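Below is the file structure.csv, which contains CSV, C-alpha atoms and all ligand atoms.
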chain,number,residue,atom,x,y,z
A,1,MET,CA,-44.3,96.8,-67.1
A,2,THR,CA,-44.9,94.0,-69.5
A,3,GLU,CA,-47.6,91.4,-69.0
A,4,GLU,CA,-44.7,88.9,-68.5
A,5,GLU,CA,-43.4,90.8,-65.4
A,6,LYS,CA,-46.8,91.1,-63.7
A,7,ARG,CA,-47.3,87.4,-63.6
A,8,PRO,CA,-45.4,85.9,-60.7
A,9,GLN,CA,-42.5,83.8,-61.8
A,10,GLU,CA,-43.5,80.9,-59.7
A,11,ALA,CA,-46.4,80.1,-57.5
A,12,PRO,CA,-45.4,80.7,-53.9
A,13,PRO,CA,-44.4,77.3,-52.4
A,14,LYS,CA,-47.4,75.7,-50.9
A,15,GLN,CA,-47.2,75.4,-47.1
A,16,LYS,CA,-46.1,71.8,-46.6
A,17,ARG,CA,-48.6,70.3,-44.2
A,18,SER,CA,-46.8,69.1,-41.1
A,19,TYR,CA,-48.0,65.8,-39.7
A,20,THR,CA,-45.1,65.2,-37.4
A,21,GLY,CA,-47.0,66.5,-34.4
A,22,GLY,CA,-50.0,64.3,-35.3
A,23,ALA,CA,-47.9,61.2,-35.8
A,24,PHE,CA,-46.2,61.8,-32.5
A,25,LEU,CA,-49.6,62.0,-30.8
A,26,ILE,CA,-50.7,58.8,-32.5
A,27,VAL,CA,-47.6,56.9,-31.5
A,28,ILE,CA,-48.0,58.0,-27.8
A,29,THR,CA,-51.7,57.1,-27.9
A,30,ALA,CA,-50.8,53.8,-29.5
A,31,LEU,CA,-48.2,53.1,-26.8
A,32,ILE,CA,-50.6,53.9,-24.0
A,33,ILE,CA,-53.4,51.8,-25.4
A,34,THR,CA,-51.1,48.9,-26.1
A,35,LEU,CA,-49.8,48.9,-22.6
A,36,PHE,CA,-53.4,49.3,-21.2
A,37,THR,CA,-54.7,46.4,-23.4
A,38,GLY,CA,-51.8,44.3,-22.4
A,39,ALA,CA,-52.4,45.0,-18.7
A,40,ILE,CA,-56.1,44.2,-19.0
A,41,ALA,CA,-55.4,41.0,-20.9
A,42,TYR,CA,-52.8,40.1,-18.2
A,43,GLY,CA,-55.5,40.6,-15.6
A,44,VAL,CA,-58.0,38.5,-17.5
A,45,GLN,CA,-55.4,35.8,-18.0
A,46,THR,CA,-54.7,35.4,-14.3
A,47,VAL,CA,-58.4,35.0,-13.7
A,48,ILE,CA,-59.2,32.5,-16.5
A,49,GLY,CA,-56.1,30.5,-16.9
A,50,GLY,CA,-54.1,30.6,-13.7
A,51,GLY,CA,-51.9,32.7,-15.9
A,52,GLU,CA,-48.4,33.5,-14.8
A,53,ALA,CA,-49.3,33.1,-11.1
A,54,LYS,CA,-46.7,31.2,-9.2
A,55,THR,CA,-47.0,27.5,-9.6
A,56,ASP,CA,-46.6,25.6,-6.3
A,57,GLU,CA,-45.2,22.1,-6.6
A,58,GLY,CA,-45.8,21.2,-3.0
A,59,VAL,CA,-43.3,19.5,-0.6
A,60,MET,CA,-42.4,15.8,-0.7
A,61,VAL,CA,-43.0,14.2,2.6
A,62,ASN,CA,-42.2,10.5,2.7
A,63,GLY,CA,-43.0,10.1,-1.0
A,64,VAL,CA,-46.2,12.0,-0.7
A,65,ARG,CA,-46.6,15.4,-2.4
A,66,GLU,CA,-48.0,17.7,0.2
A,67,PHE,CA,-49.8,20.9,-0.3
A,68,ARG,CA,-50.9,23.3,2.5
A,69,ILE,CA,-53.7,25.4,1.0
A,70,LEU,CA,-55.3,28.4,2.6
A,71,ALA,CA,-58.9,29.0,1.6
A,72,PRO,CA,-60.2,32.4,2.8
A,73,GLN,CA,-62.8,34.6,1.0
A,74,TRP,CA,-62.3,34.3,-2.0
A,75,TYR,CA,-59.3,32.6,-3.2
A,76,PHE,CA,-56.9,29.7,-2.7
A,77,ASP,CA,-53.3,30.2,-1.7
A,78,PRO,CA,-51.5,28.8,-3.6
A,79,ALA,CA,-53.8,29.4,-6.5
A,80,VAL,CA,-51.9,27.2,-9.0
A,81,ILE,CA,-50.5,23.9,-8.0
A,82,ARG,CA,-48.7,21.2,-10.1
A,83,VAL,CA,-48.8,17.5,-9.7
A,84,SER,CA,-47.7,14.6,-11.9
A,85,PRO,CA,-49.8,11.6,-13.0
A,86,GLY,CA,-49.1,8.7,-10.5
A,87,ASP,CA,-48.3,11.1,-7.6
A,88,THR,CA,-49.8,10.5,-4.2
A,89,VAL,CA,-50.9,13.9,-3.1
A,90,ARG,CA,-52.0,15.1,0.3
A,91,PHE,CA,-54.0,18.3,0.5
A,92,ILE,CA,-54.1,20.1,3.9
A,93,VAL,CA,-56.7,22.8,3.5
A,94,THR,CA,-57.7,25.4,6.0
A,95,SER,CA,-60.3,28.2,6.1
A,96,ASP,CA,-59.7,31.0,8.6
A,97,ASP,CA,-62.9,32.9,8.1
A,98,ILE,CA,-66.2,31.1,7.2
A,99,MET,CA,-67.3,27.8,5.7
A,100,HIS,CA,-65.8,27.0,2.4
A,101,GLY,CA,-65.4,23.9,0.2
A,102,PHE,CA,-62.5,22.4,-1.6
A,103,ALA,CA,-63.3,20.3,-4.6
A,104,ILE,CA,-61.5,18.8,-7.7
A,105,ASN,CA,-64.1,17.0,-9.8
A,106,GLU,CA,-61.5,15.0,-11.8
A,107,LEU,CA,-59.9,13.7,-8.7
A,108,GLY,CA,-63.2,12.8,-7.2
A,109,PHE,CA,-63.3,14.7,-3.9
A,110,ASN,CA,-65.2,17.5,-2.3
A,111,LEU,CA,-64.2,18.7,1.2
A,112,ALA,CA,-66.1,20.9,3.6
A,113,LEU,CA,-63.9,23.3,5.4
A,114,SER,CA,-65.0,24.6,8.8
A,115,PRO,CA,-63.2,27.8,9.9
A,116,GLY,CA,-60.0,27.1,11.8
A,117,ILE,CA,-60.0,23.3,11.2
A,118,GLU,CA,-57.3,21.7,9.1
A,119,VAL,CA,-58.8,19.2,6.7
A,120,ALA,CA,-56.5,16.7,5.2
A,121,HIS,CA,-57.2,14.5,2.2
A,122,GLU,CA,-55.0,12.1,0.3
A,123,VAL,CA,-55.5,11.2,-3.3
A,124,VAL,CA,-53.5,9.3,-6.0
A,125,ILE,CA,-53.4,11.1,-9.3
A,126,PRO,CA,-54.5,8.5,-11.9
A,127,SER,CA,-51.5,7.6,-14.1
A,128,GLU,CA,-53.7,7.6,-17.2
A,129,ILE,CA,-55.2,11.0,-16.6
A,130,THR,CA,-54.8,13.5,-19.5
A,131,ASP,CA,-52.1,16.1,-19.0
A,132,GLY,CA,-53.5,19.6,-18.7
A,133,THR,CA,-55.1,22.0,-16.3
A,134,TYR,CA,-58.0,21.2,-14.0
A,135,THR,CA,-59.9,23.4,-11.6
A,136,MET,CA,-60.0,23.3,-7.9
A,137,TYR,CA,-63.0,25.3,-6.6
A,138,CYS,CA,-65.0,26.3,-3.6
A,139,SER,CA,-68.1,24.1,-3.4
A,140,ILE,CA,-69.9,25.8,-0.5
A,141,PHE,CA,-71.6,29.1,-1.0
A,142,CYS,CA,-69.5,31.7,0.8
A,143,GLY,CA,-70.7,35.1,-0.4
A,144,ILE,CA,-70.5,37.3,-3.4
A,145,GLY,CA,-67.0,36.1,-4.5
A,146,HIS,CA,-68.0,32.4,-4.3
A,147,PRO,CA,-68.2,31.8,-8.0
A,148,TYR,CA,-64.7,33.2,-8.4
A,149,MET,CA,-63.1,31.2,-5.7
A,150,LYS,CA,-61.2,28.9,-7.9
A,151,GLY,CA,-57.7,27.7,-8.5
A,152,THR,CA,-55.8,25.7,-11.1
A,153,VAL,CA,-54.4,22.2,-10.8
A,154,VAL,CA,-51.7,21.5,-13.5
A,155,ILE,CA,-51.3,17.8,-14.1
A,156,GLY,CA,-48.2,16.8,-16.0
A,157,GLU,CA,-47.5,19.2,-18.8
A,158,ARG,CA,-49.6,22.3,-19.2
A,159,GLY,CA,-51.6,22.1,-22.4
A,160,PHE,CA,-52.3,25.0,-24.7
A,161,GLU,CA,-54.1,27.7,-22.9
A,162,ILE,CA,-55.4,30.8,-24.7
A,163,GLY,CA,-55.1,32.7,-21.4
A,164,ARG,CA,-51.3,32.4,-21.4
A,165,ILE,CA,-50.8,34.0,-24.8
A,166,LEU,CA,-53.7,36.5,-24.6
A,167,PRO,CA,-51.5,39.4,-23.5
A,168,TYR,CA,-49.1,38.9,-26.4
A,169,VAL,CA,-52.0,38.5,-28.9
A,170,ALA,CA,-53.7,41.6,-27.6
A,171,THR,CA,-50.5,43.6,-27.7
A,172,GLY,CA,-49.7,42.4,-31.2
A,173,VAL,CA,-53.1,43.2,-32.5
A,174,MET,CA,-53.1,46.7,-31.0
A,175,MET,CA,-49.6,47.4,-32.4
A,176,GLY,CA,-50.7,46.1,-35.8
A,177,MET,CA,-53.8,48.3,-35.8
A,178,PHE,CA,-51.8,51.4,-34.9
A,179,ALA,CA,-49.1,50.7,-37.4
A,180,THR,CA,-51.8,50.5,-40.0
A,181,PHE,CA,-53.4,53.8,-38.8
A,182,ILE,CA,-50.0,55.5,-39.0
A,183,ILE,CA,-49.3,54.3,-42.5
A,184,ILE,CA,-52.8,55.3,-43.7
A,185,GLY,CA,-52.4,58.7,-42.0
A,186,ARG,CA,-49.0,59.3,-43.7
A,187,ARG,CA,-50.4,58.3,-47.1
A,188,ARG,CA,-53.3,60.8,-46.6
A,189,ALA,CA,-51.0,63.6,-45.5
A,190,ARG,CA,-48.9,63.3,-48.6
A,201,LIG,CU1,-65.5,29.9,-0.6
A,201,LIG,CU2,-67.6,29.4,-1.7
Now that the file is in, can you turn its structure into structure tokens?
Amino acid sequence: MTEEEKRPQEAPPKQKRSYTGGAFLIVITALIITLFTGAIAYGVQTVIGGGEAKTDEGVMVNGVREFRILAPQWYFDPAVIRVSPGDTVRFIVTSDDIMHGFAINELGFNLALSPGIEVAHEVVIPSEITDGTYTMYCSIFCGIGHPYMKGTVVIGERGFEIGRILPYVATGVMMGMFATFIIIGRRRAR
């Protein structure tokens, strides 16, 4: 046997490292986290911006835009209403549990709601008011949820609201992060 023959012709092929399984796991994790983040952002959005909650435009009664609003612990139903500058608006607000308030600072009123009693209030939306979203809120302490007892008044066109694009931003950021991780992971595995 010559020295030549003893030496192996070729080094045995190195076991190629498989990262397919790892990449699959990362993709699944990315999907789950992306959906999860999106869901959280969506939840936050509905709390801070009125979000995609249904916008109520009221009912026109003899030229007056009328809203019937229920105010139990601890929300308003409808939670998002839309009016236009120049509208005459009638709010008919009822609490069916305990004392609540119903106030919109920019429209200059603050009502006290006794349980079971309809309170009506008419107001003209100033025609020079700035388009955007305003807050209707409970103005009488009504328990632990009182600070969150709020609703949204959209006047004219909705302005830019971070809350509305938050789910898309969060989803985009998460997807971008995971795409980067996957690319880095593949580079390392090579
Ligand atoms: Cu309802 Cu405070």
When the cut-off is 12 Å and you count only C-alpha atoms and all ligand atoms, which residues lie near ligand LIG 201 (chain A), shown as a short mmCIF file (atom, residue, chain, number, x, y, z; two decimals) with C-alpha atoms, in the coordinates of the input?
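Saved the output as pocket39.cif:
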data_model
loop_
_atom_site.label_atom_id
_atom_site.label_comp_id
_atom_site.auth_asym_id
_atom_site.auth_seq_id
_atom_site.Cartn_x
_atom_site.Cartn_y
_atom_site.Cartn_z
CA LEU A 70 -55.30 28.40 2.60
CA ALA A 71 -58.90 29.00 1.60
CA PRO A 72 -60.20 32.40 2.80
CA GLN A 73 -62.80 34.60 1.00
CA TRP A 74 -62.30 34.30 -2.00
CA TYR A 75 -59.30 32.60 -3.20
CA PHE A 76 -56.90 29.70 -2.70
CA THR A 94 -57.70 25.40 6.00
CA SER A 95 -60.30 28.20 6.10
CA ASP A 96 -59.70 31.00 8.60
CA ASP A 97 -62.90 32.90 8.10
CA ILE A 98 -66.20 31.10 7.20
CA MET A 99 -67.30 27.80 5.70
CA HIS A 100 -65.80 27.00 2.40
CA GLY A 101 -65.40 23.90 0.20
CA PHE A 102 -62.50 22.40 -1.60
CA ALA A 103 -63.30 20.30 -4.60
CA LEU A 111 -64.20 18.70 1.20
CA ALA A 112 -66.10 20.90 3.60
CA LEU A 113 -63.90 23.30 5.40
CA SER A 114 -65.00 24.60 8.80
CA PRO A 115 -63.20 27.80 9.90
CA MET A 136 -60.00 23.30 -7.90
CA TYR A 137 -63.00 25.30 -6.60
CA CYS A 138 -65.00 26.30 -3.60
CA SER A 139 -68.10 24.10 -3.40
CA ILE A 140 -69.90 25.80 -0.50
CA PHE A 141 -71.60 29.10 -1.00
CA CYS A 142 -69.50 31.70 0.80
CA GLY A 143 -70.70 35.10 -0.40
CA ILE A 144 -70.50 37.30 -3.40
CA GLY A 145 -67.00 36.10 -4.50
CA HIS A 146 -68.00 32.40 -4.30
CA PRO A 147 -68.20 31.80 -8.00
CA TYR A 148 -64.70 33.20 -8.40
CA MET A 149 -63.10 31.20 -5.70
CA LYS A 150 -61.20 28.90 -7.90
CA GLY A 151 -57.70 27.70 -8.50
#
Between atom CA of Ala79 of chain A and atom CA of Asp56 of chain A, what is the distance in Å, rounded to a tenth?
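Spanning atom CA of Ala79 of chain A to atom CA of Asp56 of chain A is a straight-line distance of 8.1 Å.
Taking atom CA of Gly108 of chain A and atom CA of Ile81 of chain A as endpoints, the distance between them is 16.9 Å.
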Need the neighbours of (-39.7, 14.8, -5.6): which residues are at most 12 Å away, counting all atoms listed in the file, as a ChimeraX atom specification?
/A:57-66,82-84,87-89
Please provide the set of residues having any atom within 7 Å of Tyr134 of chain A, restricted to only C-alpha atoms, with same-chain residues fewer than 3 positions apart removed, written as an NGL selection string.
:A and (152-154)
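Atom CA of Arg188 of chain A is positioned 12.1 Å from atom CA of Ala23 of chain A.
Between Ala30 of chain A and the candidates A:Ile165, A:Ile129, A:Ile92, A:Met177, the tightest atom-to-atom separation, counting all atoms listed in the file, involves A:Met177.
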Find the residues near Gly132 of chain A: any atom within 7 Å, counting all atoms listed in the file, skip ones fewer than 4 places away on the same chain, and give them as a list in words.
Val154, Ile155, Gly156, Glu157, Arg158 and Gly159 of chain A
Nearest to Glu122 of chain A: which of A:Leu31, A:Leu166, A:Leu107, A:Ile182 is it, counting all atoms listed in the file?
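Ranking A:Leu31, A:Leu166, A:Leu107, A:Ile182 by distance to Glu122 of chain A, first place goes to A:Leu107.
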Looking at only C-alpha atoms, which of A:Val123, A:Ile104, A:Val80, A:Ile32 is the one that sits closest to Met174 of chain A?
A:Ile32
Hey, which of A:Pro167, A:Gly86, A:Thr135, A:Arg68 ends up closest to Glu118 of chain A? Count all atoms listed in the file.
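Between A:Pro167, A:Gly86, A:Thr135, A:Arg68, the residue approaching Glu118 of chain A most closely is A:Arg68.
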Counting all atoms listed in the file, the residue of A:Ile184, A:Val119, A:Val124, A:Ile40 that sits nearest Glu106 of chain A:
A:Val124
Contacts of Ile33 of chain A at 10 Å (all atoms listed in the file; same-chain gap of 4+ positions) as an NGL selection string:
:A and (27-29 or 37-39 or 171 or 174-175 or 178)
